[in-house]
>>> print(open('my_file04.csv').read())   # CSV, C-alpha atoms and all ligand atoms
chain,number,residue,atom,x,y,z
A,728,MET,CA,104.6,152.3,223.6
A,729,ALA,CA,105.2,155.2,226.0
A,730,VAL,CA,104.5,158.8,224.9
A,731,ARG,CA,107.9,160.6,225.0
A,732,LEU,CA,107.8,164.2,226.0
A,733,GLY,CA,110.2,167.1,226.0
A,734,PHE,CA,109.9,170.3,228.0
A,735,ILE,CA,111.1,173.8,226.9
A,736,GLY,CA,111.0,176.1,229.9
A,737,THR,CA,111.0,174.4,233.3
A,738,GLY,CA,109.5,177.1,235.7
A,739,GLY,CA,106.3,177.4,237.6
A,740,ILE,CA,103.7,176.2,235.1
A,741,ALA,CA,106.0,173.5,233.7
A,742,ASN,CA,106.2,171.9,237.1
A,743,HIS,CA,102.4,172.0,237.4
A,744,HIS,CA,102.1,170.0,234.1
A,745,LEU,CA,104.9,167.6,235.2
A,746,ASN,CA,103.0,166.9,238.5
A,747,ASN,CA,100.1,165.8,236.4
A,748,LEU,CA,102.0,163.9,233.8
A,749,VAL,CA,103.9,161.7,236.3
A,750,ARG,CA,100.5,160.4,237.4
A,751,MET,CA,99.6,159.2,233.9
A,752,GLU,CA,100.5,155.7,232.7
A,753,GLY,CA,102.6,155.4,229.6
A,754,VAL,CA,104.1,158.9,229.7
A,755,ARG,CA,107.9,159.3,229.6
A,756,LEU,CA,109.5,162.6,230.6
A,757,SER,CA,112.5,162.4,228.3
A,758,ALA,CA,114.2,165.8,227.7
A,759,PHE,CA,114.4,169.2,229.3
A,760,TYR,CA,115.7,172.5,228.0
A,761,ASP,CA,115.7,175.9,229.8
A,762,VAL,CA,117.8,179.0,229.2
A,763,ASP,CA,118.6,178.6,232.9
A,764,GLY,CA,120.6,175.3,232.7
A,765,GLN,CA,120.3,174.6,236.4
A,766,ARG,CA,116.5,174.6,236.2
A,767,ALA,CA,116.6,172.1,233.3
A,768,GLN,CA,119.1,169.9,235.2
A,769,LYS,CA,116.9,170.0,238.3
A,770,ALA,CA,113.9,169.0,236.4
A,771,ALA,CA,115.6,166.2,234.5
A,772,SER,CA,117.1,164.8,237.8
A,773,GLN,CA,113.6,164.0,239.0
A,774,TYR,CA,112.7,161.6,236.3
A,775,ASP,CA,114.2,158.2,235.4
A,776,GLY,CA,116.1,158.3,232.1
A,777,ALA,CA,115.5,162.1,231.5
A,778,LYS,CA,118.2,164.3,230.2
A,779,ALA,CA,118.8,168.0,230.4
A,780,PHE,CA,120.1,169.9,227.4
A,781,ALA,CA,122.0,173.3,227.1
A,782,ASN,CA,121.0,173.6,223.4
A,783,LEU,CA,117.5,173.2,222.0
A,784,ASP,CA,118.5,172.0,218.6
A,785,GLU,CA,120.6,169.3,220.1
A,786,MET,CA,117.7,168.2,222.3
A,787,LEU,CA,115.3,168.0,219.4
A,788,ASP,CA,117.7,166.3,217.0
A,789,SER,CA,119.1,163.8,219.5
A,790,THR,CA,115.9,162.7,221.3
A,791,GLU,CA,112.9,160.9,219.8
A,792,LEU,CA,110.0,163.0,221.0
A,793,ASP,CA,106.3,162.5,220.5
A,794,GLY,CA,105.3,165.9,221.9
A,795,LEU,CA,106.6,169.1,223.4
A,796,TYR,CA,105.5,171.3,226.3
A,797,ILE,CA,106.5,174.9,225.6
A,798,CYS,CA,106.3,176.7,228.9
A,799,VAL,CA,108.3,179.9,228.3
A,800,PRO,CA,107.4,183.5,229.4
A,801,PRO,CA,105.4,185.6,226.9
A,802,MET,CA,108.3,187.4,225.4
A,803,ALA,CA,110.3,184.2,224.7
A,804,HIS,CA,107.9,182.6,222.2
A,805,GLY,CA,108.9,181.9,218.6
A,806,ASP,CA,112.1,179.9,218.6
A,807,ALA,CA,110.6,176.8,220.3
A,808,GLU,CA,107.4,176.7,218.2
A,809,ASN,CA,109.3,177.2,214.9
A,810,LYS,CA,111.8,174.4,215.8
A,811,ALA,CA,108.9,172.1,216.7
A,812,ILE,CA,107.0,172.9,213.5
A,813,GLN,CA,110.1,172.3,211.3
A,814,ARG,CA,110.5,168.9,212.8
A,815,GLY,CA,106.8,168.1,212.8
A,816,ILE,CA,106.6,167.7,216.6
A,817,PRO,CA,103.1,168.4,218.1
A,818,PHE,CA,103.2,170.8,221.1
A,819,LEU,CA,101.2,172.2,224.0
A,820,VAL,CA,102.1,175.8,224.5
A,821,GLU,CA,101.2,178.0,227.4
A,822,LYS,CA,99.2,181.1,227.0
A,823,PRO,CA,99.7,183.9,226.0
A,824,LEU,CA,101.0,183.1,222.5
A,825,GLY,CA,103.3,186.1,222.6
A,826,ILE,CA,103.3,189.8,223.4
A,827,ASP,CA,102.2,191.1,220.0
A,828,GLY,CA,100.1,189.8,217.0
A,829,GLY,CA,102.6,189.2,214.3
A,830,LEU,CA,104.6,186.2,215.5
A,831,PRO,CA,101.6,184.1,216.7
A,832,ALA,CA,99.8,184.8,213.4
A,833,ASP,CA,102.9,183.5,211.5
A,834,ILE,CA,103.1,180.4,213.7
A,835,ALA,CA,99.4,179.7,213.3
A,836,ALA,CA,99.8,179.7,209.5
A,837,LYS,CA,102.7,177.2,209.7
A,838,VAL,CA,100.8,175.0,212.2
A,839,ARG,CA,97.8,175.0,209.8
A,840,SER,CA,99.9,174.1,206.7
A,841,LYS,CA,101.6,171.2,208.6
A,842,GLN,CA,98.3,170.2,210.2
A,843,LEU,CA,100.2,169.8,213.5
A,844,ILE,CA,98.4,168.8,216.7
A,845,THR,CA,98.6,171.7,219.1
A,846,SER,CA,97.1,172.6,222.4
A,847,VAL,CA,97.1,175.9,224.3
A,848,GLY,CA,96.9,176.3,228.0
A,849,TYR,CA,93.5,177.9,228.3
A,850,HIS,CA,92.6,175.5,231.2
A,851,TRP,CA,89.3,177.3,232.2
A,852,ARG,CA,87.7,175.6,229.2
A,853,TYR,CA,88.3,172.2,230.9
A,854,ASN,CA,86.3,173.1,234.1
A,855,GLU,CA,83.0,171.3,234.4
A,856,SER,CA,81.4,174.8,234.8
A,857,ALA,CA,82.4,175.7,231.3
A,858,ALA,CA,80.7,172.6,229.9
A,859,THR,CA,77.6,173.1,232.0
A,860,ALA,CA,77.4,176.8,231.1
A,861,LYS,CA,77.6,175.9,227.4
A,862,GLN,CA,74.6,173.6,227.8
A,863,LEU,CA,72.6,176.2,229.7
A,864,LEU,CA,73.5,178.9,227.2
A,865,ALA,CA,72.1,176.8,224.4
A,866,GLU,CA,68.7,177.1,226.0
A,867,SER,CA,68.8,180.8,226.7
A,868,LYS,CA,69.5,184.2,225.1
A,869,PRO,CA,72.6,186.0,226.5
A,870,GLY,CA,72.6,189.7,226.4
A,871,MET,CA,75.7,190.8,228.2
A,872,ALA,CA,78.7,189.6,230.2
A,873,LEU,CA,81.0,191.1,232.8
A,874,GLY,CA,84.5,189.6,233.3
A,875,TYR,CA,87.0,190.3,236.0
A,876,TRP,CA,90.6,189.5,237.0
A,877,MET,CA,91.1,191.5,240.2
A,878,GLY,CA,94.2,190.7,242.3
A,879,GLY,CA,97.8,191.3,243.1
A,880,MET,CA,100.9,191.3,240.9
A,881,PRO,CA,102.7,188.0,240.2
A,882,MET,CA,106.3,188.6,241.3
A,883,VAL,CA,108.2,186.8,238.4
A,884,PRO,CA,110.4,189.6,237.1
A,885,TRP,CA,109.2,189.4,233.4
A,886,TRP,CA,105.6,190.0,234.5
A,887,ARG,CA,105.9,193.7,235.4
A,888,VAL,CA,107.3,194.9,232.1
A,889,GLN,CA,105.3,195.4,228.9
A,890,THR,CA,108.0,193.9,226.8
A,891,GLY,CA,108.1,190.8,229.0
A,892,SER,CA,104.5,189.9,229.6
A,893,GLY,CA,102.4,192.1,227.3
A,894,GLY,CA,100.6,193.4,230.4
A,895,GLN,CA,97.9,191.9,232.6
A,896,PHE,CA,95.2,191.8,229.9
A,897,VAL,CA,97.4,189.8,227.5
A,898,GLU,CA,99.0,187.6,230.1
A,899,GLN,CA,96.4,186.9,232.7
A,900,THR,CA,92.9,188.3,231.8
A,901,THR,CA,93.3,186.4,228.5
A,902,HIS,CA,91.8,183.4,230.3
A,903,ILE,CA,88.5,185.4,230.8
A,904,VAL,CA,88.5,186.7,227.3
A,905,ASP,CA,89.0,183.1,226.1
A,906,LEU,CA,86.1,181.8,228.3
A,907,LEU,CA,83.9,184.6,226.9
A,908,ARG,CA,84.7,183.5,223.3
A,909,TYR,CA,84.3,179.8,224.2
A,910,LEU,CA,80.8,180.4,225.6
A,911,CYS,CA,79.5,183.4,223.7
A,912,GLY,CA,81.3,183.5,220.3
A,913,GLU,CA,83.6,186.0,218.6
A,914,VAL,CA,84.5,189.5,219.5
A,915,ARG,CA,84.1,192.1,216.8
A,916,GLU,CA,85.3,195.4,218.5
A,917,VAL,CA,87.1,196.5,221.6
A,918,TYR,CA,87.6,199.8,223.3
A,919,ALA,CA,90.0,199.9,226.2
A,920,ALA,CA,91.2,202.3,228.9
A,921,TYR,CA,94.3,201.4,231.0
A,922,ALA,CA,96.3,203.3,233.7
A,923,LEU,CA,99.2,202.7,236.0
A,924,GLN,CA,98.2,204.0,239.4
A,925,VAL,CA,100.1,202.3,242.2
A,926,MET,CA,102.4,199.5,241.2
A,927,GLY,CA,105.0,201.8,239.5
A,928,GLU,CA,105.8,203.2,242.9
A,929,GLN,CA,105.5,199.9,244.8
A,930,VAL,CA,107.6,197.7,242.6
A,931,PRO,CA,110.5,199.4,240.9
A,932,GLY,CA,110.7,198.8,237.1
A,933,THR,CA,106.9,198.3,236.7
A,934,ASP,CA,105.6,199.7,233.4
A,935,VAL,CA,102.5,197.5,232.8
A,936,PRO,CA,99.2,199.2,233.6
A,937,ASP,CA,97.8,198.1,236.9
A,938,VAL,CA,94.1,198.9,236.1
A,939,GLY,CA,92.1,198.5,233.0
A,940,THR,CA,88.7,198.1,231.6
A,941,VAL,CA,87.8,196.8,228.1
A,942,THR,CA,84.4,197.1,226.4
A,943,LEU,CA,83.7,194.4,223.9
A,944,LYS,CA,81.1,194.1,221.1
A,945,MET,CA,80.3,190.5,220.2
A,946,ALA,CA,79.3,189.1,216.8
A,947,ASN,CA,76.0,187.8,218.3
A,948,GLY,CA,75.1,191.3,219.4
A,949,MET,CA,76.1,190.9,223.1
A,950,VAL,CA,78.1,193.6,224.9
A,951,ALA,CA,80.6,192.8,227.5
A,952,THR,CA,83.2,194.5,229.7
A,953,VAL,CA,86.2,192.8,231.1
A,954,SER,CA,88.2,194.6,233.8
A,955,ASN,CA,91.4,193.8,235.5
A,956,THR,CA,93.7,195.1,238.2
A,957,CYS,CA,96.9,193.9,239.7
A,958,LEU,CA,97.3,196.6,242.4
A,959,LEU,CA,95.4,194.8,245.2
A,960,PRO,CA,97.2,193.6,248.3
A,961,VAL,CA,94.6,190.7,248.4
A,962,GLY,CA,93.0,188.5,245.8
A,963,HIS,CA,89.5,189.5,244.9
A,964,HIS,CA,87.2,188.0,242.3
A,965,VAL,CA,88.3,186.4,239.1
A,966,GLY,CA,85.7,185.1,236.7
A,967,LEU,CA,82.9,185.8,234.2
A,968,ASP,CA,79.2,186.6,234.8
A,969,ILE,CA,76.8,186.1,231.8
A,970,TYR,CA,73.4,187.8,231.9
A,971,THR,CA,70.7,185.9,229.9
A,972,ASP,CA,66.9,185.9,229.6
A,973,GLN,CA,66.9,183.0,232.1
A,974,GLY,CA,69.1,184.7,234.8
A,975,VAL,CA,72.8,184.9,235.6
A,976,LEU,CA,75.6,182.4,235.1
A,977,GLU,CA,78.6,183.2,237.4
A,978,LEU,CA,81.7,181.2,236.4
A,979,ARG,CA,84.5,181.1,238.9
A,980,SER,CA,87.5,178.7,239.0
A,981,GLU,CA,85.9,176.7,241.8
A,982,GLU,CA,82.2,176.7,240.7
A,983,LEU,CA,79.3,177.7,238.5
A,984,ARG,CA,76.5,179.7,240.2
A,985,GLU,CA,73.2,179.8,238.4
A,986,VAL,CA,70.8,182.6,239.5
A,987,THR,CA,67.2,182.0,238.2
A,988,ARG,CA,63.6,182.8,239.2
A,989,GLU,CA,63.7,179.5,241.1
A,990,GLY,CA,66.6,180.6,243.2
A,991,THR,CA,70.4,180.1,243.2
A,992,ARG,CA,72.1,176.8,242.4
A,993,SER,CA,75.8,176.3,243.0
A,994,ARG,CA,77.8,173.5,241.2
A,995,LYS,CA,81.4,172.9,242.4
A,996,ASN,CA,84.1,172.1,239.9
A,997,VAL,CA,85.6,168.7,240.9
A,998,ALA,CA,88.2,167.7,238.3
A,999,ASN,CA,91.6,169.5,238.1
A,1000,PRO,CA,91.3,171.3,234.7
A,1001,TYR,CA,95.0,171.2,234.1
A,1002,PHE,CA,95.0,167.5,234.5
A,1003,VAL,CA,92.1,167.1,232.0
A,1004,GLU,CA,93.9,169.5,229.6
A,1005,ASP,CA,97.1,167.4,229.9
A,1006,GLU,CA,95.2,164.1,229.4
A,1007,ALA,CA,93.5,165.5,226.3
A,1008,PHE,CA,96.9,166.3,224.8
A,1009,ILE,CA,98.4,163.0,225.7
A,1010,HIS,CA,95.4,161.2,224.2
A,1011,ALA,CA,95.8,163.2,221.0
A,1012,LEU,CA,99.5,162.2,220.8
A,1013,ARG,CA,98.8,158.6,221.4
A,1014,THR,CA,95.8,158.2,219.1
A,1015,GLY,CA,95.9,161.1,216.7
A,1016,ASP,CA,92.4,162.0,217.9
A,1017,ALA,CA,92.6,165.7,218.9
A,1018,SER,CA,88.8,166.1,219.6
A,1019,ARG,CA,89.3,166.3,223.4
A,1020,ILE,CA,91.6,169.4,223.0
A,1021,LEU,CA,89.4,172.4,223.7
A,1022,SER,CA,91.9,175.1,222.6
A,1023,ASN,CA,94.3,174.6,219.7
A,1024,TYR,CA,96.7,177.2,218.4
A,1025,GLU,CA,94.4,178.5,215.7
A,1026,ASP,CA,91.6,179.1,218.1
A,1027,ALA,CA,93.8,180.5,220.8
A,1028,LEU,CA,95.1,183.0,218.2
A,1029,ARG,CA,91.7,184.6,218.0
A,1030,THR,CA,91.6,185.1,221.8
A,1031,HIS,CA,95.2,186.5,221.6
A,1032,GLU,CA,94.1,188.9,218.9
A,1033,VAL,CA,91.3,190.3,221.1
A,1034,THR,CA,93.8,191.1,223.9
A,1035,ILE,CA,96.3,192.7,221.6
A,1036,ALA,CA,93.5,194.8,220.0
A,1037,ALA,CA,92.7,195.9,223.6
A,1038,ASN,CA,96.3,197.0,224.1
A,1039,ASP,CA,96.2,198.8,220.8
A,1040,SER,CA,92.9,200.6,221.7
A,1041,ALA,CA,94.3,201.6,225.1
A,1042,ALA,CA,97.4,203.1,223.4
A,1043,SER,CA,95.4,204.9,220.6
A,1044,GLY,CA,92.3,205.9,222.7
A,1045,LYS,CA,90.2,204.6,219.8
A,1046,PRO,CA,88.0,201.5,219.3
A,1047,VAL,CA,89.6,198.7,217.4
A,1048,SER,CA,87.7,196.3,215.0
A,1049,ILE,CA,88.6,192.6,214.9
A,1050,GLY,CA,88.4,190.2,212.0
B,1101,LIG,N1,97.6,178.3,232.2
B,1101,LIG,C1,97.8,178.8,233.3
B,1101,LIG,O1,97.0,178.9,234.2
B,1101,LIG,C2,99.2,179.4,233.6
B,1101,LIG,C3,99.7,179.5,234.9
B,1101,LIG,C4,100.9,180.0,235.1
B,1101,LIG,C5,101.7,180.4,234.0
B,1101,LIG,N2,101.2,180.3,232.8
B,1101,LIG,C6,102.0,180.8,231.6
B,1101,LIG,O2,103.2,180.0,231.5
B,1101,LIG,C7,104.2,180.8,231.0
B,1101,LIG,C8,105.4,180.6,231.9
B,1101,LIG,O3,105.0,181.0,233.2
B,1101,LIG,P1,105.8,180.5,234.5
B,1101,LIG,O4,105.0,180.9,235.7
B,1101,LIG,O5,106.1,179.1,234.4
B,1101,LIG,O6,107.1,181.4,234.4
B,1101,LIG,P2,108.5,181.1,235.2
B,1101,LIG,O7,109.3,182.4,235.1
B,1101,LIG,O8,108.3,180.4,236.5
B,1101,LIG,O9,109.2,180.0,234.2
B,1101,LIG,C9,109.6,180.3,232.9
B,1101,LIG,C10,110.8,179.4,232.6
B,1101,LIG,O10,111.1,179.6,231.2
B,1101,LIG,C11,112.5,179.7,231.1
B,1101,LIG,N3,112.8,180.4,229.8
B,1101,LIG,C12,112.8,181.8,229.6
B,1101,LIG,N4,113.0,182.0,228.3
B,1101,LIG,C13,113.2,180.7,227.7
B,1101,LIG,C14,113.6,180.3,226.4
B,1101,LIG,N5,113.7,181.2,225.4
B,1101,LIG,N6,113.7,179.0,226.2
B,1101,LIG,C15,113.6,178.1,227.2
B,1101,LIG,N7,113.3,178.5,228.5
B,1101,LIG,C16,113.1,179.8,228.7
B,1101,LIG,C17,112.9,180.5,232.3
B,1101,LIG,O11,114.3,180.3,232.6
B,1101,LIG,C18,112.0,179.8,233.4
B,1101,LIG,O12,112.6,178.7,233.9
B,1101,LIG,C19,103.7,182.2,231.0
B,1101,LIG,O13,103.3,182.6,229.7
B,1101,LIG,C20,102.5,182.2,231.8
B,1101,LIG,O14,101.5,183.1,231.4
B,1101,LIG,C21,100.0,179.8,232.5
>>> encode(input="my_file04.csv", output="structure tokens")
Amino acid sequence: MAVRLGFIGTGGIANHHLNNLVRMEGVRLSAFYDVDGQRAQKAASQYDGAKAFANLDEMLDSTELDGLYICVPPMAHGDAENKAIQRGIPFLVEKPLGIDGGLPADIAAKVRSKQLITSVGYHWRYNESAATAKQLLAESKPGMALGYWMGGMPMVPWWRVQTGSGGQFVEQTTHIVDLLRYLCGEVREVYAAYALQVMGEQVPGTDVPDVGTVTLKMANGMVATVSNTCLLPVGHHVGLDIYTDQGVLELRSEELREVTREGTRSRKNVANPYFVEDEAFIHALRTGDASRILSNYEDALRTHEVTIAANDSAASGKPVSIG
């Protein structure tokens, strides 16, 4: 029997997932809801038998759904997750989990008590480079890491306001924090410095910092810094470098570079990580086996807590302990 899916939020990333899902056998795109009704209509019109809804309760109560994709902006989380949990419908939700700590922690507790299958869109985990780096790190001792997200500002209107996105570290650089946790373990303390230097003048209404650097102390003794900027007119580097007794691992979206005494080895990522992430979720819905899901809600909450702690530290000027 086909896996029947509903979408909540039908913007940029939703369409990315939809392009993957239409290529999978036995997946039916059944129901679409968006606060912008025209977007939901447009999405539904592309798939046989799909229906757009103007009311989320009506969609969830009138359609048999095996899983939901929640692809709303950071400030819009809560309603969709709670309605899915009430009805026991598994969901894949896009990062970040929200713009503060309270709501995601509350949702995580409910997910745990219902033992619901969840997946969170930390797609960097699904790159081959992450799996290879994990193997290499098992045979080395890491000492420190440097992470980066250096680029320009995404122009969706919610992104430039703190109450919309939570800021760059929470919305974007969270991928790098998540990769650091995935490969090197938990973060125990953060100290952050942020500033708004340029984008407040260039894009009216901007109140998110456009530069920031965060120092992290890890449970295994490592130290790391993760820096970000969104003031550049061009994209620069995005990724994570890990320094070990064997050399350097440079993780980028397209490749893993390994720098050792023997020289430099580059391994390209081949698979589309979003596709692998979507397949893992569909497999879990179909079989109940969630082992291919590399980031569930509970785990993603720990990444989210690190980014929120960084925001708190930048606001207070003091280090913030975690967990
Ligand atoms: N994993 C990734 O690499 C990745 C890439 C892009 C975006 N994202 C994340 O996906 C989320 C959405 O980003 P996007 O680029 O698709 O944004 P977008 O603005 O293109 O689309 C968001 C859609 O959600 C709708 N929406 C807003 N509030 C809603 C609500 N309460 N209920 C239902 N629909 C609602 C909007 O009308 C819009 O159609 C963000 O959190 C973003 O960080 C993740």
>>> residues_near_point(input="my_file04.csv", point="(75.1, 194.0, 226.3)", cutoff="9 Å", atoms="only C-alpha atoms", output="JSON, numbers by chain")
{"A": [869, 870, 871, 872, 943, 944, 945, 948, 949, 950, 951, 952, 970]}
>>> residues_near_ligand(input="my_file04.csv", ligand="ligand LIG 1101 (chain B)", cutoff="8 Å", atoms="only C-alpha atoms and all ligand atoms", output="ChimeraX atom specification")
/A:735-742,760-763,766-767,797-804,806-807,821-825,848-850,883-885,892,898-899,902,1001
>>> closest_residue(input="my_file04.csv", among="A:Ile844, A:Leu923, A:Gln862, A:Met728", to="Ser1018 in chain A", atoms="only C-alpha atoms")
A:Ile844
>>> closest_residue(input="my_file04.csv", among="A:Leu958, A:Val897, A:Leu978, A:Leu873", to="Thr1030 in chain A", atoms="only C-alpha atoms")
A:Val897
>>> residues_around(input="my_file04.csv", residues="Leu959 in chain A", least_positions_apart="3", cutoff="10 Å", atoms="all atoms listed in the file", output="list in words")
Met877, Gly878, Gly879, Met880, Val925, Met926, Asp937, Thr956, Gly962 and His963 of chain A
>>> decode(input="my_file04.csv", residues="range 880-902 of chain A", atoms="N, CA and C atoms", output="tab-separated table (two decimals), in the first residue's frame")
chain	number	residue	atom	x	y	z
A	880	MET	N	22.77	37.01	2.65
A	880	MET	CA	21.52	36.89	3.39
A	880	MET	C	20.41	36.28	2.52
A	881	PRO	N	19.79	35.18	2.97
A	881	PRO	CA	18.61	34.67	2.24
A	881	PRO	C	17.51	35.74	2.25
A	882	MET	N	16.83	35.91	1.13
A	882	MET	CA	15.92	37.05	1.01
A	882	MET	C	14.46	36.75	1.34
A	883	VAL	N	14.16	35.55	1.88
A	883	VAL	CA	12.79	35.36	2.39
A	883	VAL	C	12.60	36.33	3.56
A	884	PRO	N	11.45	37.06	3.61
A	884	PRO	CA	11.32	38.18	4.56
A	884	PRO	C	11.47	37.80	6.03
A	885	TRP	N	11.05	36.57	6.42
A	885	TRP	CA	11.12	36.20	7.83
A	885	TRP	C	12.55	36.02	8.32
A	886	TRP	N	13.49	35.85	7.38
A	886	TRP	CA	14.87	35.49	7.76
A	886	TRP	C	15.58	36.62	8.49
A	887	ARG	N	15.31	37.89	8.09
A	887	ARG	CA	16.11	39.02	8.57
A	887	ARG	C	15.68	39.53	9.94
A	888	VAL	N	14.58	38.98	10.47
A	888	VAL	CA	14.13	39.42	11.79
A	888	VAL	C	14.29	38.32	12.84
A	889	GLN	N	14.78	38.74	14.00
A	889	GLN	CA	15.06	37.80	15.08
A	889	GLN	C	13.81	37.00	15.47
A	890	THR	N	12.67	37.68	15.49
A	890	THR	CA	11.43	36.98	15.88
A	890	THR	C	10.88	36.11	14.74
A	891	GLY	N	11.53	36.15	13.58
A	891	GLY	CA	11.11	35.29	12.47
A	891	GLY	C	11.99	34.06	12.36
A	892	SER	N	13.30	34.27	12.39
A	892	SER	CA	14.23	33.15	12.13
A	892	SER	C	15.01	32.71	13.35
A	893	GLY	N	15.11	33.59	14.35
A	893	GLY	CA	16.00	33.29	15.48
A	893	GLY	C	17.44	33.72	15.20
A	894	GLY	N	17.68	34.24	13.98
A	894	GLY	CA	19.03	34.69	13.62
A	894	GLY	C	19.82	33.59	12.91
A	895	GLN	N	20.94	34.00	12.31
A	895	GLN	CA	21.69	33.08	11.45
A	895	GLN	C	22.20	31.84	12.19
A	896	PHE	N	22.66	32.02	13.43
A	896	PHE	CA	23.24	30.86	14.13
A	896	PHE	C	22.19	29.79	14.37
A	897	VAL	N	20.97	30.23	14.70
A	897	VAL	CA	19.86	29.30	14.96
A	897	VAL	C	19.30	28.73	13.66
A	898	GLU	N	19.20	29.56	12.63
A	898	GLU	CA	18.50	29.13	11.41
A	898	GLU	C	19.41	28.38	10.45
A	899	GLN	N	20.66	28.84	10.31
A	899	GLN	CA	21.50	28.33	9.22
A	899	GLN	C	22.70	27.55	9.76
A	900	THR	N	23.43	28.21	10.65
A	900	THR	CA	24.67	27.63	11.15
A	900	THR	C	24.38	26.43	12.04
A	901	THR	N	23.12	26.26	12.40
A	901	THR	CA	22.70	25.07	13.16
A	901	THR	C	23.14	23.79	12.45
A	902	HIS	N	23.21	23.81	11.11
A	902	HIS	CA	23.68	22.61	10.39
A	902	HIS	C	25.10	22.24	10.82
